[in-house]
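What follows is a short report on a single structure.
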Amino acid sequence: MTDATGTEQTAKKRLYIKTYGCQMNVYDSERMADVLSPLGYGLTDTPEGADLVVLNTCHIREKATEKTYSELGRIKELKLAKAAAGGVMTIAVAGCVAQAEGEEIMRRQPAVDFVVGPQSYHQLPELIARTHRALGQRLAADFAAEEKFDALPAERAVTGVSAFLTVQEGCDKFCTFCVVPYTRGAEYSRPVEAILAEAEHLAAKGVRELTLLGQNVNAYAGEGGLAGLARRLAKIPGIDRIRYTTSHPRDMDEALIAAHGELEALMPFLHLPVQSGSNRVLKAMNRGHTADHYLGLVERIRTARPDIALSGDFIVGFPGESDREFEQTLELIRQVRYAQAFSFKYSARPGTPASALPGQVPEQVKEERLARLQDLLNEHQTDFNLAQAGRTLPILFERVGRRPGQVVGRSPYLQPVRIDGPESLIGTIAPVEITLATRGSLTGRLAQDAMAIA
């Protein structure tokens, strides 16, 4: 077709990506869209009528595989409807379920055209071409992370002032409950210069806050480790805030602890999962640390950065967990007092060592323990947020609010903060006096000395 000037235009093909799970998958979905954009694919918000549907799956959450197959059944009907209307819909399954299930996905759901693992997204154009030419190569699930990053486009479509930036992939820890080492492969760290180049590009696009991503992000093995990388990123003009997730206690070295006390751009908010407060359970999980080691880390981190807030992950009902061991987890939480946390009932992942352990905890017991644990975590999160009332915090404004005249930003502790103010605040960091706090968010007003910004 041609436009009004007679220039030939390529009709946009509709791409629908449904993302499950973690921030890594959010990042990967963004990059898949980047890879497919040169082929004429533009994102759509609904699978109905899409030319390509990608389910970017997560294998961590309970019943993840079943949810994938259920969604595929729904997408299959849309594919048949489009075919009846003379169109073609291509269906792909990506992410960790794709890596774990492989050809089994296409055996169980023949409507799937191909499967692509987390390290092979750069092969999407080739896979699509091969699918359309019926050459039969439908699986790309090998572990070659360096090839993935080398092949991804340098340009990224960026909206907003915050962005994710993957610096590390894979896991060598082999926690007995986790499938990541099997679905994401061995630990791989991107070269420093490649990360810096992507960060500079993001800064040029108006990004002011970077969240560095990795399955074990503080295992980053480039020159200077994660601390050295953070110091170099902080020198990029325009990059004012740096965060990272997810970290592992075993990789929290002294250089990184020191960086929290010395590097202004490194935000005083750390996600440091512990999973359990019981040493026996931690050993059964193959976490490689004890509760005392973890608490010692927390003490050293808070000594380096007294205003730091912590986030954590917890699993209740791990095989063999006794009432006393669960109480040890609650006691650890009382000592640390998390500003935010994620908590889950243990769910057996097929093929993981823990799925075969004796002493599987009854579902009702897991539900009761999870409710008690979440009540405690919610209490601490509420206390932390309430303690911000009366303080003045630097807020990075990101977007307009739900009602006219309102803008929303993030505090250094990742809390959403709402104020009445002009849209010109978006993209700026301004001091805000916190006037109201709830468990989920903060409300405030622009501090007097920031009025000039508005």
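Numbering starts fresh at 1 for the residues of each chain in the structure tokens, the chains themselves are lettered A, B, ... in the order given, and ligands are numbered from 1 as they appear.
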
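Neighbouring residues of range 245-253 of chain A at 7 Å or closer, counting only C-alpha atoms and skipping chain neighbours under 5 positions away, are Leu212, Leu213, Gly214, Gln215, Asn216, Val217, Asn218, Ala219, His271, Leu272, Pro273, Gly288, His289 and Tyr294 of chain A.
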
May I have the selected residues written with N, CA and C atoms, as a PDB file, in the first residue's frame?
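Output file part.pdb is given in full below:
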ATOM      1  N   LEU A 212      19.019  -2.957  37.363  1.00  0.00           N
ATOM      2  CA  LEU A 212      19.869  -3.996  36.793  1.00  0.00           C
ATOM      3  C   LEU A 212      19.275  -5.360  37.138  1.00  0.00           C
ATOM      4  N   LEU A 213      19.129  -6.203  36.139  1.00  0.00           N
ATOM      5  CA  LEU A 213      18.458  -7.480  36.315  1.00  0.00           C
ATOM      6  C   LEU A 213      19.405  -8.657  36.168  1.00  0.00           C
ATOM      7  N   GLY A 214      19.084  -9.716  36.897  1.00  0.00           N
ATOM      8  CA  GLY A 214      19.790 -10.983  36.766  1.00  0.00           C
ATOM      9  C   GLY A 214      19.150 -12.006  37.680  1.00  0.00           C
ATOM     10  N   GLN A 215      19.180 -13.276  37.277  1.00  0.00           N
ATOM     11  CA  GLN A 215      18.688 -14.298  38.200  1.00  0.00           C
ATOM     12  C   GLN A 215      19.484 -14.269  39.501  1.00  0.00           C
ATOM     13  N   ASN A 216      20.780 -14.006  39.396  1.00  0.00           N
ATOM     14  CA  ASN A 216      21.651 -13.764  40.551  1.00  0.00           C
ATOM     15  C   ASN A 216      22.480 -12.527  40.217  1.00  0.00           C
ATOM     16  N   VAL A 217      21.836 -11.372  40.265  1.00  0.00           N
ATOM     17  CA  VAL A 217      22.446 -10.174  39.701  1.00  0.00           C
ATOM     18  C   VAL A 217      23.747  -9.806  40.396  1.00  0.00           C
ATOM     19  N   ASN A 218      23.840 -10.073  41.716  1.00  0.00           N
ATOM     20  CA  ASN A 218      25.086  -9.710  42.395  1.00  0.00           C
ATOM     21  C   ASN A 218      26.179 -10.749  42.212  1.00  0.00           C
ATOM     22  N   ALA A 219      25.902 -11.778  41.383  1.00  0.00           N
ATOM     23  CA  ALA A 219      26.963 -12.691  40.938  1.00  0.00           C
ATOM     24  C   ALA A 219      27.628 -12.148  39.671  1.00  0.00           C
ATOM     25  N   HIS A 271      16.652  -5.823  47.605  1.00  0.00           N
ATOM     26  CA  HIS A 271      15.909  -7.080  47.614  1.00  0.00           C
ATOM     27  C   HIS A 271      16.919  -8.208  47.872  1.00  0.00           C
ATOM     28  N   LEU A 272      16.820  -8.823  49.047  1.00  0.00           N
ATOM     29  CA  LEU A 272      17.785  -9.847  49.463  1.00  0.00           C
ATOM     30  C   LEU A 272      17.017 -11.065  49.991  1.00  0.00           C
ATOM     31  N   PRO A 273      16.624 -11.982  49.116  1.00  0.00           N
ATOM     32  CA  PRO A 273      15.802 -13.122  49.534  1.00  0.00           C
ATOM     33  C   PRO A 273      16.524 -14.038  50.513  1.00  0.00           C
ATOM     34  N   GLY A 288      22.948 -22.504  50.736  1.00  0.00           N
ATOM     35  CA  GLY A 288      24.361 -22.183  50.893  1.00  0.00           C
ATOM     36  C   GLY A 288      24.641 -21.102  51.917  1.00  0.00           C
ATOM     37  N   HIS A 289      23.662 -20.753  52.736  1.00  0.00           N
ATOM     38  CA  HIS A 289      23.872 -19.795  53.819  1.00  0.00           C
ATOM     39  C   HIS A 289      22.983 -20.197  54.985  1.00  0.00           C
ATOM     40  N   TYR A 294      22.909 -14.681  57.158  1.00  0.00           N
ATOM     41  CA  TYR A 294      22.027 -13.692  56.552  1.00  0.00           C
ATOM     42  C   TYR A 294      21.857 -12.477  57.466  1.00  0.00           C
TER      43      TYR A 294
END

Could you pull out the residues in range 226-326 of chain A that DSSP calls helix (DSSP H, G or I) from the backbone, as a PyMOL selection string?
chain A and resi 226-233+249-251+254-262+279-284+291-304+323-326

DSSP on the backbone: what in range 116-354 of chain A comes out strand (DSSP E), as a PyMOL selection string?
chain A and resi 116+139-140+162-166+168-169+188-189+209-213+241-245+269-271+309-316+340-345

Near-Arg300 in chain A list (8 Å; only C-alpha atoms; drop same-chain fewer than 4 positions) as a list in words
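Skipping anything fewer than 4 positions along the chain leaves Ile257, Gly296 and Ala304 of chain A.
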
Quick one, how far is CA of Arg184 in chain A from CA of Gly95 in chain A?
8.8 Å

In Å, how far is it from CA of Thr19 in chain A to CA of Gly427 in chain A?
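Between CA of Thr19 in chain A and CA of Gly427 in chain A the gap works out to 26.4 Å.
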
Would you work out the distance separating CA of Gly87 in chain A from CA of Phe114 in chain A, expressed in Å to one decimal?
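The value is 18.2 Å.
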
Hey, what's within 6 Å of Lys12 in chain A if we count only C-alpha atoms and toss same-chain stuff fewer than 4 positions away? As a list of chain:residue names, please?
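After dropping sequence-adjacent residues, the list is A:Gly40, A:Tyr41, A:Gly42.
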
List the neighbours of Ala92 in chain A out to 8 Å using only C-alpha atoms; skip same-chain residues closer than 2 positions along the sequence, and give me the result as an NGL selection string.
:A and (52-55 or 90 or 94 or 112-116)

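Using only C-alpha atoms, the nearest neighbour of Ile315 in chain A within the list A:Leu295, A:Met285, A:Leu80, A:Leu202 is A:Met285.
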
Long-range neighbours of range 353-363 of chain A as an NGL selection string, 8 Å cut-off, only C-alpha atoms, 2 positions minimum in chain
:A and (176-177 or 285 or 317-321 or 348-351 or 365-367)

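Remark: for Thr211 in chain A, the closest of the candidate residues A:Ala199, A:Ala371, A:Thr352, A:Lys283 is A:Ala199 (distances computed over only C-alpha atoms).
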
Determine, counting only C-alpha atoms, which protein, DNA and RNA residues have an atom within 8 Å of an atom of Ser411 in chain A; residues of the same chain fewer than 2 positions away are not included. Present the result as a PyMOL selection string.
chain A and resi 393-396+409+413-417

Using C-alpha atoms, can you export the residues from the last selection as a compact mmCIF listing (two decimals), in the first residue's frame?
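The resulting file, part34.txt, is reproduced below:
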# COMPACT_ATOMS: atom_id res chain seq x y z
CA LEU A 393 11.86 12.44 50.23
CA PRO A 394 13.32 12.90 46.75
CA ILE A 395 10.72 11.61 44.30
CA LEU A 396 11.34 10.65 40.68
CA GLY A 409 6.51 9.07 41.20
CA TYR A 413 12.35 2.95 48.64
CA LEU A 414 10.30 2.17 45.51
CA GLN A 415 7.03 3.33 47.07
CA PRO A 416 4.52 4.99 44.74
CA VAL A 417 4.03 8.63 45.75

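Nearest-residue note for Arg439 in chain A: choosing from A:Gln275, A:Ser322, A:Gln340, A:Ser37, the minimum distance belongs to A:Gln340, counting only C-alpha atoms.
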
Between A:Ile91, A:Gly102, A:Lys13, A:Tyr121, which is the closest to Arg31 in chain A once you count only C-alpha atoms?
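The answer is A:Tyr121, which sits nearest to Arg31 in chain A.
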
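For the residues A:Ala111, A:Leu436, A:Ile242, A:Ala100, ranking by smallest atom-to-atom distance to Pro181 in chain A using only C-alpha atoms places A:Ala100 first.
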